[in-house]
Amino acid sequence: MSVVARSAHAPAGASPERPVAETPPVAETLASAEALAGHLASYEQMWLIRLFEEEAERQYKAARIGGYCHLSSGQEACTVAAVGAMREHDVLITGYRCHGFALARGVPPGEVMAELFGRSDGCARGRGGSMHLLDVERGFLGGWGIVGGQLPVATGAALGLVRRGRTAAVLCEMGDGAVNIGAFHESLNLAALWQLPIVYLIVNNEYGMGTSVQRASAEPELYRRAAAFRMHGERVDGDDIDAVSEAADRLLSRARTDRVPAVLEAVTYRYRGHSVADAGLAYRSREEIDARRREDPIERLGRRLIEMGAEEAELQQARARAQEAVVEAVVFAEQSPEPALDGLAHGVYAKGSDVQFERMRPGSPFGEQELVFGGGLGR
Ligand SMILES: Cc1ncc(C[n+]2csc(CCOP(=O)(O)OP(=O)(O)O)c2C)c(N)n1
C-alpha cells in the first residue's frame, strides 16, 4: 500500500518555470489540481504520523516497546512540509523526536514500528529504537538522542556533499533546547565560514522537557541566533503547511545551488508530554494545551482542502488509508524476528567482533576484566 505517497510539498526535480504574464485557464486548472493532490498527500502523511504515534504509545504502554518514546503530536505540519521540500539526494538528520521525520522521508511504517519493537527488520536493524531511527539509503542519517549531537554530524555531512561535488543539501532538525548547546554555535560558525549547503531547522515546540523557551533562552526568537554568524534566519508558523513548505523549499534550493546556509525556525506545539512517561502537566496548564489543540494543524489543513474543492469523503479515505498502514505496520513489527544474539556487536564497533562481544558479557559490560587482567582490549 502506498500510504507514504510523496507530498506535492515535495517539489520533484527542478523548479518548474512559472509564467509571469497571464496564466491560461487550462494551466491554472492543472496547477490547482496538482496543488489539491499535493495537499491531500500531505494530509494523509500527517494522519499517518499522528495515528502511528498514537499506536506507538499504546504499544509502549503494553511493554512491547522498550527504552524511551517521544511523540510529536501537534508538530506534523512542519515535519511533512520541511521534509517535503527535500530532494532525493538531500540528507536529513534530526533529534530524537524523529518518528514523523522518518515516515515523511518515506521509511516504510512497518520498518519504523519494527525498530521501535527492537526487531531485526527495523530500519536500524533493531539496534536504535525510537530515538535512533536510521535509513541511510533514503538519506536519513538518523535521529540522535544527545541534544544537539546531530549538529556537528550534519555540518560534516554538508561538507562531505561539497567535497564530493554534489548538488544537494542537508536538512538538520533540532528542538528549541538544542540552540543553547555549544555544538549549535560551533556548527553554525563553520557552516557560515565554509558556506556549507545546510538548513538548520529549529522545531520550536515551546518546551525543552519541562522548560519553556522563555525560561531557557535569553533570545527567545531563536532564528535571530543566525545573525551572530552572519547567516540568514527566519521564522514561520510551523503549523501552516504552506508557510513551512515555501520557506524550506526556498532555503534548501539556495543551499543546494548557491551554498548558502540558513536557519529556519518553525513555531509549533507538542500536545503530549516530553515522552510517553511524562503527563506534561507539571509545567503548563490543561487550558493551554486545549487551546493549542483547537488550532490543530491536521484539521487546519482539512479545512483548507475543503476550501480548495476536496470532498469530505476524500479526507476520510486519506485518514482510513493512514490507519490501515499503521495496522499493517504493527503486524509487520510483530512478525519480525528478534535480532540474533551472535550479531549483537555487528555495526557497533569498526573492527573484529569476538573480543568486543566479550566486552558485553554480563559482569563485564565495559571490558573491565579484560583491561585489569591483561585481556586483549587494552592492547
Ligand atoms: C546533551 C544532553 N543534555 C540533556 C539531555 C536530556 N534531554 C533529553 S531531551 C531534552 C530536552 C530537549 O528539548 P528540545 O531540544 O526542545 O527538543 P524537543 O523535546 O522539544 O523535541 C533534554 C534536556 C540530552 N539528551 N542530551
# chains A, B, ... in the order shown; residues from 1 in each chain; ligands from 1

call {"tool": "closest_atom_pairs", "arguments": {"of": "chain A", "to": "ligand 1", "cutoff": "8 Å", "atoms": "only C-alpha atoms and all ligand atoms", "output": "JSON lines"}}
result
{"residue": "A:His70", "atom": "CA", "partner": "ligand 1", "partner_atom_place_in_ligand_line": "19 (O)", "distance": 7.7}
{"residue": "A:Ser72", "atom": "CA", "partner": "ligand 1", "partner_atom_place_in_ligand_line": "21 (O)", "distance": 7.6}
{"residue": "A:Gly95", "atom": "CA", "partner": "ligand 1", "partner_atom_place_in_ligand_line": "21 (O)", "distance": 7.0}
{"residue": "A:Tyr96", "atom": "CA", "partner": "ligand 1", "partner_atom_place_in_ligand_line": "21 (O)", "distance": 7.1}
{"residue": "A:Arg97", "atom": "CA", "partner": "ligand 1", "partner_atom_place_in_ligand_line": "21 (O)", "distance": 5.4}
{"residue": "A:Gly145", "atom": "CA", "partner": "ligand 1", "partner_atom_place_in_ligand_line": "25 (N)", "distance": 5.4}
{"residue": "A:Ile146", "atom": "CA", "partner": "ligand 1", "partner_atom_place_in_ligand_line": "26 (N)", "distance": 3.9}
{"residue": "A:Val147", "atom": "CA", "partner": "ligand 1", "partner_atom_place_in_ligand_line": "26 (N)", "distance": 4.0}
{"residue": "A:Gly148", "atom": "CA", "partner": "ligand 1", "partner_atom_place_in_ligand_line": "1 (C)", "distance": 6.6}
{"residue": "A:Gly149", "atom": "CA", "partner": "ligand 1", "partner_atom_place_in_ligand_line": "1 (C)", "distance": 7.2}
{"residue": "A:Met174", "atom": "CA", "partner": "ligand 1", "partner_atom_place_in_ligand_line": "15 (O)", "distance": 6.0}
{"residue": "A:Gly175", "atom": "CA", "partner": "ligand 1", "partner_atom_place_in_ligand_line": "15 (O)", "distance": 3.4}
{"residue": "A:Asp176", "atom": "CA", "partner": "ligand 1", "partner_atom_place_in_ligand_line": "16 (O)", "distance": 3.9}
{"residue": "A:Gly177", "atom": "CA", "partner": "ligand 1", "partner_atom_place_in_ligand_line": "15 (O)", "distance": 3.3}
{"residue": "A:Ala178", "atom": "CA", "partner": "ligand 1", "partner_atom_place_in_ligand_line": "15 (O)", "distance": 4.4}
{"residue": "A:Val179", "atom": "CA", "partner": "ligand 1", "partner_atom_place_in_ligand_line": "15 (O)", "distance": 7.5}
{"residue": "A:Ile181", "atom": "CA", "partner": "ligand 1", "partner_atom_place_in_ligand_line": "1 (C)", "distance": 7.3}
{"residue": "A:Val203", "atom": "CA", "partner": "ligand 1", "partner_atom_place_in_ligand_line": "21 (O)", "distance": 7.2}
{"residue": "A:Asn204", "atom": "CA", "partner": "ligand 1", "partner_atom_place_in_ligand_line": "16 (O)", "distance": 6.7}
{"residue": "A:Asn205", "atom": "CA", "partner": "ligand 1", "partner_atom_place_in_ligand_line": "20 (O)", "distance": 5.5}
{"residue": "A:Glu206", "atom": "CA", "partner": "ligand 1", "partner_atom_place_in_ligand_line": "20 (O)", "distance": 7.0}
{"residue": "A:Tyr207", "atom": "CA", "partner": "ligand 1", "partner_atom_place_in_ligand_line": "20 (O)", "distance": 5.4}
{"residue": "A:Gly208", "atom": "CA", "partner": "ligand 1", "partner_atom_place_in_ligand_line": "13 (O)", "distance": 3.3}
{"residue": "A:Met209", "atom": "CA", "partner": "ligand 1", "partner_atom_place_in_ligand_line": "11 (C)", "distance": 4.5}
{"residue": "A:Gly210", "atom": "CA", "partner": "ligand 1", "partner_atom_place_in_ligand_line": "11 (C)", "distance": 8.0}
{"residue": "A:Arg270", "atom": "CA", "partner": "ligand 1", "partner_atom_place_in_ligand_line": "20 (O)", "distance": 7.7}
{"residue": "A:His274", "atom": "CA", "partner": "ligand 1", "partner_atom_place_in_ligand_line": "19 (O)", "distance": 5.8}

call {"tool": "residues_around", "arguments": {"residues": "A:Thr167", "least_positions_apart": "5", "cutoff": "8 Å", "atoms": "only C-alpha atoms", "output": "ChimeraX atom specification"}}
result
/A:161-162,256-257

call {"tool": "atom_distance", "arguments": {"atom1": "atom CA of A:Leu71", "atom2": "atom CA of A:Gly100"}}
result
8.6 Å

call {"tool": "residues_around", "arguments": {"residues": "stretch 43-58 of chain A", "least_positions_apart": "3", "cutoff": "6 Å", "atoms": "only C-alpha atoms", "output": "count of residues only"}}
result
9

call {"tool": "atom_distance", "arguments": {"atom1": "atom CA of A:Ala279", "atom2": "atom CA of A:Leu103"}}
result
24.9 Å

call {"tool": "residues_around", "arguments": {"residues": "A:Leu171", "least_positions_apart": "6", "cutoff": "6 Å", "atoms": "only C-alpha atoms", "output": "PyMOL selection string"}}
result
chain A and resi 92+198-199

call {"tool": "write_last_selection", "arguments": {"atoms": "N, CA, C and O atoms", "output": "PDB file, in the first residue's frame"}}
result
ATOM      1  N   LEU A  92      18.940  14.105   5.510  1.00  0.00           N
ATOM      2  CA  LEU A  92      18.138  14.516   6.674  1.00  0.00           C
ATOM      3  C   LEU A  92      18.780  13.986   7.957  1.00  0.00           C
ATOM      4  O   LEU A  92      19.170  12.817   8.023  1.00  0.00           O
ATOM      5  N   ILE A 198      23.467  23.744   3.943  1.00  0.00           N
ATOM      6  CA  ILE A 198      22.710  23.160   5.065  1.00  0.00           C
ATOM      7  C   ILE A 198      21.640  24.132   5.550  1.00  0.00           C
ATOM      8  O   ILE A 198      21.860  25.344   5.584  1.00  0.00           O
ATOM      9  N   VAL A 199      20.495  23.565   5.882  1.00  0.00           N
ATOM     10  CA  VAL A 199      19.438  24.353   6.518  1.00  0.00           C
ATOM     11  C   VAL A 199      19.216  23.749   7.913  1.00  0.00           C
ATOM     12  O   VAL A 199      18.934  22.556   8.036  1.00  0.00           O
TER      13      VAL A 199
END

call {"tool": "residues_around", "arguments": {"residues": "A:His132", "least_positions_apart": "3", "cutoff": "12 Å", "atoms": "only C-alpha atoms", "output": "number ranges by chain"}}
result
A: 67-70, 93-99, 101-102, 112, 115-116, 118, 122-129, 135, 140-146, 149-150

call {"tool": "residues_around", "arguments": {"residues": "stretch 302-317 of chain A", "least_positions_apart": "2", "cutoff": "8 Å", "atoms": "only C-alpha atoms", "output": "NGL selection string"}}
result
:A and (36 or 39-40 or 43 or 298-300 or 319-321)

call {"tool": "write_last_selection", "arguments": {"atoms": "all heavy atoms", "output": "PDB file, in the first residue's frame"}}
result
ATOM      1  N   LEU A  36      -4.063  20.563  -5.107  1.00  0.00           N
ATOM      2  CA  LEU A  36      -5.029  19.803  -4.312  1.00  0.00           C
ATOM      3  C   LEU A  36      -4.483  18.400  -4.020  1.00  0.00           C
ATOM      4  O   LEU A  36      -4.527  17.933  -2.873  1.00  0.00           O
ATOM      5  CB  LEU A  36      -6.361  19.715  -5.066  1.00  0.00           C
ATOM      6  CG  LEU A  36      -7.488  18.976  -4.356  1.00  0.00           C
ATOM      7  CD1 LEU A  36      -7.876  19.695  -3.066  1.00  0.00           C
ATOM      8  CD2 LEU A  36      -8.710  18.851  -5.257  1.00  0.00           C
ATOM      9  N   HIS A  39      -1.676  18.648  -1.438  1.00  0.00           N
ATOM     10  CA  HIS A  39      -2.173  18.891  -0.081  1.00  0.00           C
ATOM     11  C   HIS A  39      -2.864  17.646   0.482  1.00  0.00           C
ATOM     12  O   HIS A  39      -2.772  17.365   1.669  1.00  0.00           O
ATOM     13  CB  HIS A  39      -3.128  20.088  -0.080  1.00  0.00           C
ATOM     14  CG  HIS A  39      -2.411  21.405  -0.092  1.00  0.00           C
ATOM     15  ND1 HIS A  39      -1.848  21.930  -1.222  1.00  0.00           N
ATOM     16  CD2 HIS A  39      -2.145  22.290   0.907  1.00  0.00           C
ATOM     17  CE1 HIS A  39      -1.280  23.091  -0.922  1.00  0.00           C
ATOM     18  NE2 HIS A  39      -1.443  23.337   0.365  1.00  0.00           N
ATOM     19  N   LEU A  40      -3.544  16.919  -0.388  1.00  0.00           N
ATOM     20  CA  LEU A  40      -4.193  15.683   0.081  1.00  0.00           C
ATOM     21  C   LEU A  40      -3.148  14.662   0.537  1.00  0.00           C
ATOM     22  O   LEU A  40      -3.313  13.985   1.555  1.00  0.00           O
ATOM     23  CB  LEU A  40      -5.028  15.075  -1.047  1.00  0.00           C
ATOM     24  CG  LEU A  40      -6.543  15.212  -0.947  1.00  0.00           C
ATOM     25  CD1 LEU A  40      -7.215  14.603  -2.162  1.00  0.00           C
ATOM     26  CD2 LEU A  40      -7.094  14.594   0.356  1.00  0.00           C
ATOM     27  N   TYR A  43      -1.875  15.717   3.796  1.00  0.00           N
ATOM     28  CA  TYR A  43      -2.894  15.442   4.813  1.00  0.00           C
ATOM     29  C   TYR A  43      -2.812  13.986   5.258  1.00  0.00           C
ATOM     30  O   TYR A  43      -2.833  13.661   6.449  1.00  0.00           O
ATOM     31  CB  TYR A  43      -4.255  15.750   4.184  1.00  0.00           C
ATOM     32  CG  TYR A  43      -5.447  15.588   5.082  1.00  0.00           C
ATOM     33  CD1 TYR A  43      -5.765  16.537   6.044  1.00  0.00           C
ATOM     34  CD2 TYR A  43      -6.291  14.476   4.946  1.00  0.00           C
ATOM     35  CE1 TYR A  43      -6.880  16.391   6.854  1.00  0.00           C
ATOM     36  CE2 TYR A  43      -7.408  14.322   5.748  1.00  0.00           C
ATOM     37  CZ  TYR A  43      -7.693  15.289   6.703  1.00  0.00           C
ATOM     38  OH  TYR A  43      -8.796  15.148   7.508  1.00  0.00           O
ATOM     39  N   ILE A 298      -3.661  19.428  11.518  1.00  0.00           N
ATOM     40  CA  ILE A 298      -4.284  18.495  10.566  1.00  0.00           C
ATOM     41  C   ILE A 298      -5.692  18.990  10.221  1.00  0.00           C
ATOM     42  O   ILE A 298      -6.085  19.028   9.059  1.00  0.00           O
ATOM     43  CB  ILE A 298      -4.325  17.053  11.110  1.00  0.00           C
ATOM     44  CG1 ILE A 298      -2.925  16.593  11.543  1.00  0.00           C
ATOM     45  CG2 ILE A 298      -4.900  16.109  10.055  1.00  0.00           C
ATOM     46  CD1 ILE A 298      -2.836  15.144  11.982  1.00  0.00           C
ATOM     47  N   GLU A 299      -6.418  19.390  11.250  1.00  0.00           N
ATOM     48  CA  GLU A 299      -7.770  19.918  10.985  1.00  0.00           C
ATOM     49  C   GLU A 299      -7.688  21.187  10.142  1.00  0.00           C
ATOM     50  O   GLU A 299      -8.531  21.417   9.264  1.00  0.00           O
ATOM     51  CB  GLU A 299      -8.490  20.196  12.296  1.00  0.00           C
ATOM     52  CG  GLU A 299      -8.903  18.911  12.992  1.00  0.00           C
ATOM     53  CD  GLU A 299      -9.507  19.162  14.358  1.00  0.00           C
ATOM     54  OE1 GLU A 299      -9.889  20.320  14.645  1.00  0.00           O
ATOM     55  OE2 GLU A 299      -9.581  18.204  15.143  1.00  0.00           O
ATOM     56  N   ARG A 300      -6.670  21.977  10.436  1.00  0.00           N
ATOM     57  CA  ARG A 300      -6.477  23.225   9.676  1.00  0.00           C
ATOM     58  C   ARG A 300      -6.273  22.913   8.188  1.00  0.00           C
ATOM     59  O   ARG A 300      -6.875  23.538   7.320  1.00  0.00           O
ATOM     60  CB  ARG A 300      -5.240  23.915  10.250  1.00  0.00           C
ATOM     61  CG  ARG A 300      -4.944  25.280   9.733  1.00  0.00           C
ATOM     62  CD  ARG A 300      -3.923  25.903  10.666  1.00  0.00           C
ATOM     63  NE  ARG A 300      -3.240  27.023  10.067  1.00  0.00           N
ATOM     64  CZ  ARG A 300      -2.293  27.728  10.688  1.00  0.00           C
ATOM     65  NH1 ARG A 300      -1.918  27.412  11.923  1.00  0.00           N
ATOM     66  NH2 ARG A 300      -1.704  28.733  10.091  1.00  0.00           N
ATOM     67  N   ARG A 319      -7.481   9.452   5.648  1.00  0.00           N
ATOM     68  CA  ARG A 319      -7.269   9.058   7.039  1.00  0.00           C
ATOM     69  C   ARG A 319      -7.371   7.532   7.192  1.00  0.00           C
ATOM     70  O   ARG A 319      -6.585   6.912   7.912  1.00  0.00           O
ATOM     71  CB  ARG A 319      -8.300   9.752   7.926  1.00  0.00           C
ATOM     72  CG  ARG A 319      -8.078   9.429   9.366  1.00  0.00           C
ATOM     73  CD  ARG A 319      -9.106  10.020  10.291  1.00  0.00           C
ATOM     74  NE  ARG A 319      -8.914   9.392  11.598  1.00  0.00           N
ATOM     75  CZ  ARG A 319      -9.219   9.939  12.737  1.00  0.00           C
ATOM     76  NH1 ARG A 319      -9.733  11.121  12.782  1.00  0.00           N
ATOM     77  NH2 ARG A 319      -9.013   9.289  13.864  1.00  0.00           N
ATOM     78  N   ALA A 320      -8.325   6.951   6.500  1.00  0.00           N
ATOM     79  CA  ALA A 320      -8.508   5.495   6.591  1.00  0.00           C
ATOM     80  C   ALA A 320      -7.286   4.759   6.041  1.00  0.00           C
ATOM     81  O   ALA A 320      -6.849   3.749   6.604  1.00  0.00           O
ATOM     82  CB  ALA A 320      -9.775   5.081   5.838  1.00  0.00           C
ATOM     83  N   ARG A 321      -6.713   5.266   4.958  1.00  0.00           N
ATOM     84  CA  ARG A 321      -5.501   4.624   4.408  1.00  0.00           C
ATOM     85  C   ARG A 321      -4.354   4.718   5.409  1.00  0.00           C
ATOM     86  O   ARG A 321      -3.588   3.776   5.587  1.00  0.00           O
ATOM     87  CB  ARG A 321      -5.105   5.284   3.080  1.00  0.00           C
ATOM     88  CG  ARG A 321      -5.928   4.845   1.887  1.00  0.00           C
ATOM     89  CD  ARG A 321      -5.273   5.272   0.586  1.00  0.00           C
ATOM     90  NE  ARG A 321      -5.155   6.727   0.462  1.00  0.00           N
ATOM     91  CZ  ARG A 321      -6.098   7.529  -0.034  1.00  0.00           C
ATOM     92  NH1 ARG A 321      -7.237   7.017  -0.460  1.00  0.00           N
ATOM     93  NH2 ARG A 321      -5.907   8.836  -0.122  1.00  0.00           N
TER      94      ARG A 321
END

call {"tool": "select_by_dssp", "arguments": {"residues": "stretch 153-237 of chain A", "states": "alpha helix (DSSP H)", "output": "MDAnalysis selection string"}}
result
chainID A and resid 153:163 182:193 213:216

call {"tool": "write_last_selection", "arguments": {"atoms": "N, CA, C and O atoms", "output": "mmCIF file, in the first residue's frame"}}
result
data_model
loop_
_atom_site.group_PDB
_atom_site.id
_atom_site.type_symbol
_atom_site.label_atom_id
_atom_site.label_comp_id
_atom_site.auth_asym_id
_atom_site.auth_seq_id
_atom_site.Cartn_x
_atom_site.Cartn_y
_atom_site.Cartn_z
ATOM 1 N N VAL A 153 27.522 16.467 13.152
ATOM 2 C CA VAL A 153 27.473 15.414 12.138
ATOM 3 C C VAL A 153 26.818 15.955 10.867
ATOM 4 O O VAL A 153 27.289 15.734 9.749
ATOM 5 N N ALA A 154 25.737 16.693 11.050
ATOM 6 C CA ALA A 154 25.032 17.277 9.899
ATOM 7 C C ALA A 154 25.928 18.266 9.165
ATOM 8 O O ALA A 154 25.957 18.313 7.930
ATOM 9 N N THR A 155 26.661 19.043 9.940
ATOM 10 C CA THR A 155 27.551 20.048 9.344
ATOM 11 C C THR A 155 28.656 19.337 8.562
ATOM 12 O O THR A 155 29.010 19.742 7.447
ATOM 13 N N GLY A 156 29.165 18.257 9.132
ATOM 14 C CA GLY A 156 30.174 17.459 8.431
ATOM 15 C C GLY A 156 29.597 16.803 7.185
ATOM 16 O O GLY A 156 30.272 16.718 6.149
ATOM 17 N N ALA A 157 28.347 16.383 7.261
ATOM 18 C CA ALA A 157 27.704 15.780 6.079
ATOM 19 C C ALA A 157 27.586 16.817 4.963
ATOM 20 O O ALA A 157 27.774 16.511 3.780
ATOM 21 N N ALA A 158 27.298 18.058 5.350
ATOM 22 C CA ALA A 158 27.205 19.131 4.341
ATOM 23 C C ALA A 158 28.572 19.364 3.706
ATOM 24 O O ALA A 158 28.682 19.559 2.493
ATOM 25 N N LEU A 159 29.618 19.325 4.526
ATOM 26 C CA LEU A 159 30.977 19.464 3.982
ATOM 27 C C LEU A 159 31.272 18.301 3.034
ATOM 28 O O LEU A 159 31.866 18.489 1.972
ATOM 29 N N GLY A 160 30.811 17.118 3.419
ATOM 30 C CA GLY A 160 31.009 15.937 2.570
ATOM 31 C C GLY A 160 30.343 16.106 1.205
ATOM 32 O O GLY A 160 30.907 15.732 0.182
ATOM 33 N N LEU A 161 29.143 16.699 1.198
ATOM 34 C CA LEU A 161 28.452 16.932 -0.083
ATOM 35 C C LEU A 161 29.275 17.862 -0.968
ATOM 36 O O LEU A 161 29.415 17.652 -2.169
ATOM 37 N N VAL A 162 29.848 18.889 -0.341
ATOM 38 C CA VAL A 162 30.668 19.847 -1.105
ATOM 39 C C VAL A 162 31.901 19.138 -1.662
ATOM 40 O O VAL A 162 32.230 19.261 -2.843
ATOM 41 N N ARG A 163 32.568 18.379 -0.806
ATOM 42 C CA ARG A 163 33.805 17.703 -1.235
ATOM 43 C C ARG A 163 33.547 16.736 -2.380
ATOM 44 O O ARG A 163 34.387 16.511 -3.225
ATOM 45 N N GLY A 182 26.630 24.008 23.056
ATOM 46 C CA GLY A 182 27.824 24.544 22.395
ATOM 47 C C GLY A 182 27.941 24.135 20.943
ATOM 48 O O GLY A 182 28.340 24.936 20.086
ATOM 49 N N ALA A 183 27.576 22.895 20.651
ATOM 50 C CA ALA A 183 27.715 22.381 19.279
ATOM 51 C C ALA A 183 26.880 23.181 18.277
ATOM 52 O O ALA A 183 27.211 23.234 17.096
ATOM 53 N N PHE A 184 25.807 23.812 18.762
ATOM 54 C CA PHE A 184 24.989 24.657 17.867
ATOM 55 C C PHE A 184 25.851 25.788 17.322
ATOM 56 O O PHE A 184 25.895 26.059 16.122
ATOM 57 N N HIS A 185 26.576 26.452 18.215
ATOM 58 C CA HIS A 185 27.391 27.610 17.825
ATOM 59 C C HIS A 185 28.580 27.177 16.976
ATOM 60 O O HIS A 185 28.902 27.817 15.975
ATOM 61 N N GLU A 186 29.222 26.088 17.381
ATOM 62 C CA GLU A 186 30.370 25.593 16.611
ATOM 63 C C GLU A 186 29.938 25.238 15.191
ATOM 64 O O GLU A 186 30.621 25.543 14.216
ATOM 65 N N SER A 187 28.797 24.580 15.089
ATOM 66 C CA SER A 187 28.333 24.109 13.781
ATOM 67 C C SER A 187 27.929 25.268 12.882
ATOM 68 O O SER A 187 28.314 25.332 11.710
ATOM 69 N N LEU A 188 27.150 26.210 13.433
ATOM 70 C CA LEU A 188 26.717 27.329 12.596
ATOM 71 C C LEU A 188 27.899 28.191 12.167
ATOM 72 O O LEU A 188 27.935 28.711 11.048
ATOM 73 N N ASN A 189 28.857 28.320 13.060
ATOM 74 C CA ASN A 189 30.038 29.105 12.710
ATOM 75 C C ASN A 189 30.749 28.503 11.502
ATOM 76 O O ASN A 189 31.066 29.196 10.534
ATOM 77 N N LEU A 190 30.978 27.204 11.545
ATOM 78 C CA LEU A 190 31.688 26.560 10.437
ATOM 79 C C LEU A 190 30.843 26.565 9.163
ATOM 80 O O LEU A 190 31.357 26.790 8.063
ATOM 81 N N ALA A 191 29.541 26.342 9.323
ATOM 82 C CA ALA A 191 28.670 26.326 8.136
ATOM 83 C C ALA A 191 28.711 27.674 7.424
ATOM 84 O O ALA A 191 28.738 27.747 6.190
ATOM 85 N N ALA A 192 28.753 28.752 8.217
ATOM 86 C CA ALA A 192 28.794 30.090 7.608
ATOM 87 C C ALA A 192 30.169 30.365 7.001
ATOM 88 O O ALA A 192 30.283 30.858 5.889
ATOM 89 N N LEU A 193 31.220 30.018 7.750
ATOM 90 C CA LEU A 193 32.582 30.270 7.260
ATOM 91 C C LEU A 193 32.861 29.515 5.957
ATOM 92 O O LEU A 193 33.456 30.058 5.036
ATOM 93 N N VAL A 213 10.759 27.965 26.402
ATOM 94 C CA VAL A 213 11.796 28.707 25.669
ATOM 95 C C VAL A 213 12.115 30.006 26.396
ATOM 96 O O VAL A 213 13.277 30.399 26.526
ATOM 97 N N GLN A 214 11.085 30.667 26.924
ATOM 98 C CA GLN A 214 11.307 31.945 27.617
ATOM 99 C C GLN A 214 12.222 31.782 28.826
ATOM 100 O O GLN A 214 13.010 32.665 29.134
ATOM 101 N N ARG A 215 12.134 30.643 29.490
ATOM 102 C CA ARG A 215 12.973 30.426 30.676
ATOM 103 C C ARG A 215 14.371 29.954 30.307
ATOM 104 O O ARG A 215 15.291 30.031 31.112
ATOM 105 N N ALA A 216 14.515 29.415 29.079
ATOM 106 C CA ALA A 216 15.801 28.801 28.726
ATOM 107 C C ALA A 216 16.666 29.675 27.828
ATOM 108 O O ALA A 216 17.886 29.565 27.849
#

call {"tool": "decode", "arguments": {"residues": "stretch 27-41 of chain A", "atoms": "C-alpha atoms", "output": "CSV table (one decimal), in the first residue's frame"}}
result
chain,number,residue,atom,x,y,z
A,27,ALA,CA,-2.7,25.6,-16.9
A,28,GLU,CA,-4.5,27.2,-13.9
A,29,THR,CA,-6.8,24.3,-13.6
A,30,LEU,CA,-3.9,21.9,-13.8
A,31,ALA,CA,-2.0,23.8,-11.2
A,32,SER,CA,-4.9,23.8,-8.8
A,33,ALA,CA,-5.5,20.1,-9.4
A,34,GLU,CA,-1.8,19.5,-8.6
A,35,ALA,CA,-1.9,21.7,-5.5
A,36,LEU,CA,-5.0,19.8,-4.3
A,37,ALA,CA,-3.4,16.4,-4.9
A,38,GLY,CA,-0.3,17.6,-3.1
A,39,HIS,CA,-2.2,18.9,-0.1
A,40,LEU,CA,-4.2,15.7,0.1
A,41,ALA,CA,-1.0,13.6,0.1
